[in-house]
Amino acid sequence: MRTSRSSSRIVFAAVVVAVAVVVFVGVVYSSRQQHQCSCQEPPIPAEAVQVLAENASALVVRKPAGIPCHPQGKYQQCSLTEILRVSHLKDTTCYLHPVNRLDRQTSGIVLLAKTRKAYMALAQEHGAGLRKLYVAGVCGSFDASAAIERWPQWVERRTTAKGDEEVVCRLPLRVEKHRPNQPLTVVVDTTGAGKSAETMIRQRGDSLLCRLETGRTHQIRVHLSAMGFPILGDPVYGTAENEDVMQLHASVYSVKLDQSLDAGKALADILPRPQPVESAEGSGTLEAFEVVKGFSPMLRSLVAALFLASSAQAAKSLRERLRSSPCQCQADTSAIARPSRTKPKCIFIDLGAADGNSYNAFLQGKYGQIKDCPNQEYEAYLVEANPFFQKELNNKAAKSAPGKEIFPMMNGAWMCEADTTFHVVGKASAASSLAPQGNANDVQVHLINVISLIKSKTIPGDKVLLKVDIEGAEFDLIPCLARSDVLSHDMTAFVEEHYFLGGVKRSLTGVTDKEYNDAKQVMMSKGVKMPKYSSVTLLETGN
C-alpha cells in the first residue's frame, strides 16, 4: 500500500480473481482453526474468513457469502464475530463489533472495532460519508433505458465530471413487517412512506459496479430487482437457481483516519505496500490496497481490478474445480491381503493427523482406554498430506516401542489411489484439502485408499478406531467406505463432519446429503459405531 502524509482516507480493496480474493497480509481461518459450529446450526460455506489487517483498535476481514456478521436467528456460533473470537482472538468474551454490516448472503470487506472507543469513532465516520463499492452479477444484460422506462421519475442516466456514464436509482424503500420464520423483506414504496435511498450504478463487462450514497437494508438488491435485473443467486428478490451463492461482493471500503482514535494511524502503518498480481487473463498487474484522498481516484485506479472476474464467474469456476475428483471409489478389496499376525490389538487410523494432536488424545483415552485394547497393544497410522507436519510425525514415530507402534504416512486420505494436487494453507492453520481454497500453496501428494489401508492393517478381533478429519473429503469417503467389506462391529468411526465448511458442497463427486446420510446408516447397520465427534474439542483438551 502506498502511504502519504496527505492521505486522509484508507481504502481496503478485495480483488476477485478466479475463486479467491487476493490479499497480501493476514491469516486465513479455515479447517482446524476455523471455528467449530454447533451441529444444530445451518452449514456455512467452505470459503475461509480472511484477515486483511489488524491493530489494537480494529480488524479488517473478508467475509464469505453465507455467514452473518453477528449472531442472529439460527446462526449463533456460526457467525463472523464468533468465528473470529474463537479462531483469531482466542477470547470468547472480548469486545468485537462490526462497523459496517453486510447481509448474510453478501461477501466482502467488513471492518470490526475491537474496543468500544474505536467503535464509537468509526461508527461516527460510518454515518458521515463512509465510502463503499460493490460488484454485482445480475440476471440478463443490464439495460439502463429499460430501467428508466420502468421508473422514469426515480431512475436517471447521468455523466460524471470525469466523463463516466452512470445510472442513478433513487427509489424509496420500506421494510416490510417482519413475519416469524420468514426472511426480512424490503419493498419499493413511492407513496411517501418509504425512506430515501440512492444507488449509483456503472456497467463494466458482465458485472455492475454499485456505489451507495445511503445504506438502507438490502438497498442494492431491491433497487436492481425493481429495475428488472435481480442479482444472481438472490433467494429473496431474485432467483437462486443454478447459483450456490449470491453474486454481490463488497469490494472497496474506505475509512477516514481519525487522528484522535487510539492507534488509528497505526492501522494505516500496518497495511501492506502494493504487490503485483497477475490478472485472471494473465496480462497486467494490479494493486490489492491503495490509500486515496477521495472517491474519484479510487474509481480510476481500482475499476480494472474489480472487474477482472465477476463474482458469478468466480463461483462457477469453484464449482467446476470441485467436480474434478482425481479418481473414483475403489471399494473392492478382494485383492488386498490381511496381515499375517494372529494376535489382535487396537488399530488407530488417524486421517488428518496434523502434528499428532489426535494421537496425543488417543494416548489420553479420548478414543477409548488403551487398557481396553486387545492384549493392551496398538498400532497407530498417522495419515497427513501437509508436508509441514512431517518432522513432528517422525518424532512421534521415533517413540515407537514393541506393542506400541507408530507409523507416519505423508499421504492424502481418499477413497482410491492416485497422485494429485493438495491445497495447503500452511502450518499455522493446519489446513490441507483436496478442495481448492484461497491463499493456498499447491503440493503434489499420493492419495492412499483408506479402505485398502484398513484391510491391509487389520485382522478379525482387532479394535479399529478410525478418526476422520479430512476437511470435507469425508462426504466422498464415507459413501465409498459403506460399500466395502472392511466394516464390522469392532470398528468405531470418529468422523468430523465439515458442515461449517459447506457440507456436501465440498464433495468432489457430487454426493448429496441424502446419499451421505444413507451411507452412514449402512455403516451403522453393519455394526460400526459412529459417535458425534469434533476434533476441535480434542485439540482444546487433548494436549
# chains A, B, ... in the order shown; residues from 1 in each chain; ligands from 1
call {"tool": "residues_around", "arguments": {"residues": "range 215-221 of chain A", "least_positions_apart": "4", "cutoff": "10 Å", "atoms": "only C-alpha atoms", "output": "CSV table (one decimal) with C-alpha atoms, in the first residue's frame"}}
result
chain,number,residue,atom,x,y,z
A,100,ASN,CA,-20.3,-2.0,8.6
A,101,ARG,CA,-22.7,-4.9,8.4
A,102,LEU,CA,-23.1,-7.0,5.3
A,103,ASP,CA,-26.2,-9.2,4.6
A,106,THR,CA,-23.2,-10.8,0.7
A,126,HIS,CA,-19.7,5.5,9.1
A,127,GLY,CA,-22.6,7.9,9.4
A,130,LEU,CA,-18.5,6.2,4.5
A,132,LYS,CA,-18.5,1.6,-0.2
A,134,TYR,CA,-20.0,-3.4,-4.5
A,136,ALA,CA,-22.9,-7.4,-8.6
A,138,VAL,CA,-27.3,-9.8,-12.4
A,169,CYS,CA,-31.6,4.9,-8.8
A,171,LEU,CA,-36.4,4.5,-5.4
A,172,PRO,CA,-37.6,4.9,-1.7
A,173,LEU,CA,-37.5,1.7,0.4
A,174,ARG,CA,-39.6,0.4,3.2
A,175,VAL,CA,-39.0,-2.6,5.4
A,184,LEU,CA,-36.6,-9.9,6.3
A,185,THR,CA,-38.0,-8.2,3.1
A,186,VAL,CA,-37.8,-4.7,1.8
A,187,VAL,CA,-40.1,-3.2,-0.8
A,188,VAL,CA,-40.2,-0.1,-3.0
A,195,LYS,CA,-37.1,6.1,3.1
A,196,SER,CA,-34.9,7.8,0.6
A,197,ALA,CA,-32.2,5.6,-1.0
A,198,GLU,CA,-29.7,6.3,-3.7
A,199,THR,CA,-27.6,3.8,-5.6
A,200,MET,CA,-25.1,4.7,-8.4
A,201,ILE,CA,-24.5,2.0,-11.0
A,210,CYS,CA,-22.6,-0.2,-7.4
A,211,ARG,CA,-21.8,2.8,-5.1
A,225,SER,CA,-34.6,-6.2,-8.7
A,226,ALA,CA,-37.1,-3.3,-9.1
A,229,PHE,CA,-32.2,-7.0,-13.1
A,230,PRO,CA,-32.2,-9.1,-9.9
A,231,ILE,CA,-28.8,-10.2,-8.5
A,232,LEU,CA,-27.9,-13.8,-9.5
A,234,ASP,CA,-30.6,-13.8,-4.6
A,236,VAL,CA,-35.4,-13.2,-1.7
A,237,TYR,CA,-35.5,-10.7,-4.6
A,238,GLY,CA,-34.3,-12.8,-7.5
A,248,LEU,CA,-22.9,-9.5,-4.6
call {"tool": "residues_around", "arguments": {"residues": "Ser141 in chain A", "least_positions_apart": "2", "cutoff": "10 Å", "atoms": "only C-alpha atoms", "output": "list in words"}}
result
Gly137, Val138, Cys139, Asp143, Ala144, Gln203, Gly205, Asp206, Ser207 and Phe229 of chain A
call {"tool": "closest_residue", "arguments": {"among": "A:Ala56, A:Pro326, A:Glu496, A:Val168", "to": "Ile448 in chain A", "atoms": "only C-alpha atoms"}}
result
A:Pro326
call {"tool": "closest_residue", "arguments": {"among": "A:His249, A:Arg341, A:Leu52, A:Arg158", "to": "Arg104 in chain A", "atoms": "only C-alpha atoms"}}
result
A:His249
call {"tool": "closest_residue", "arguments": {"among": "A:Lys391, A:Lys117, A:His70, A:His223", "to": "Ala58 in chain A", "atoms": "only C-alpha atoms"}}
result
A:Lys117
call {"tool": "atom_distance", "arguments": {"atom1": "CA of Arg170 in chain A", "atom2": "CA of Pro183 in chain A"}}
result
23.9 Å
call {"tool": "atom_distance", "arguments": {"atom1": "CA of Ala113 in chain A", "atom2": "CA of Ser87 in chain A"}}
result
16.7 Å
call {"tool": "residues_around", "arguments": {"residues": "range 344-357 of chain A", "least_positions_apart": "4", "cutoff": "6 Å", "atoms": "only C-alpha atoms", "output": "VMD selection string"}}
result
chain A and resid 373 to 374 377 to 384 389 392 461 to 470
call {"tool": "select_by_dssp", "arguments": {"residues": "range 61-139 of chain A", "states": "strand (DSSP E)", "output": "list of chain:residue names"}}
result
A:Val61, A:Arg62, A:Lys63, A:His97, A:Pro98, A:Ser107, A:Gly108, A:Ile109, A:Val110, A:Leu111, A:Leu112, A:Ala113, A:Arg131, A:Lys132, A:Leu133, A:Tyr134, A:Val135, A:Ala136, A:Gly137
call {"tool": "atom_distance", "arguments": {"atom1": "CA of Pro64 in chain A", "atom2": "CA of Ser507 in chain A"}}
result
18.7 Å
call {"tool": "select_by_dssp", "arguments": {"residues": "range 362-508 of chain A", "states": "alpha helix (DSSP H)", "output": "number ranges by chain"}}
result
A: 362-363, 390-397, 426-429, 450-457, 474-481
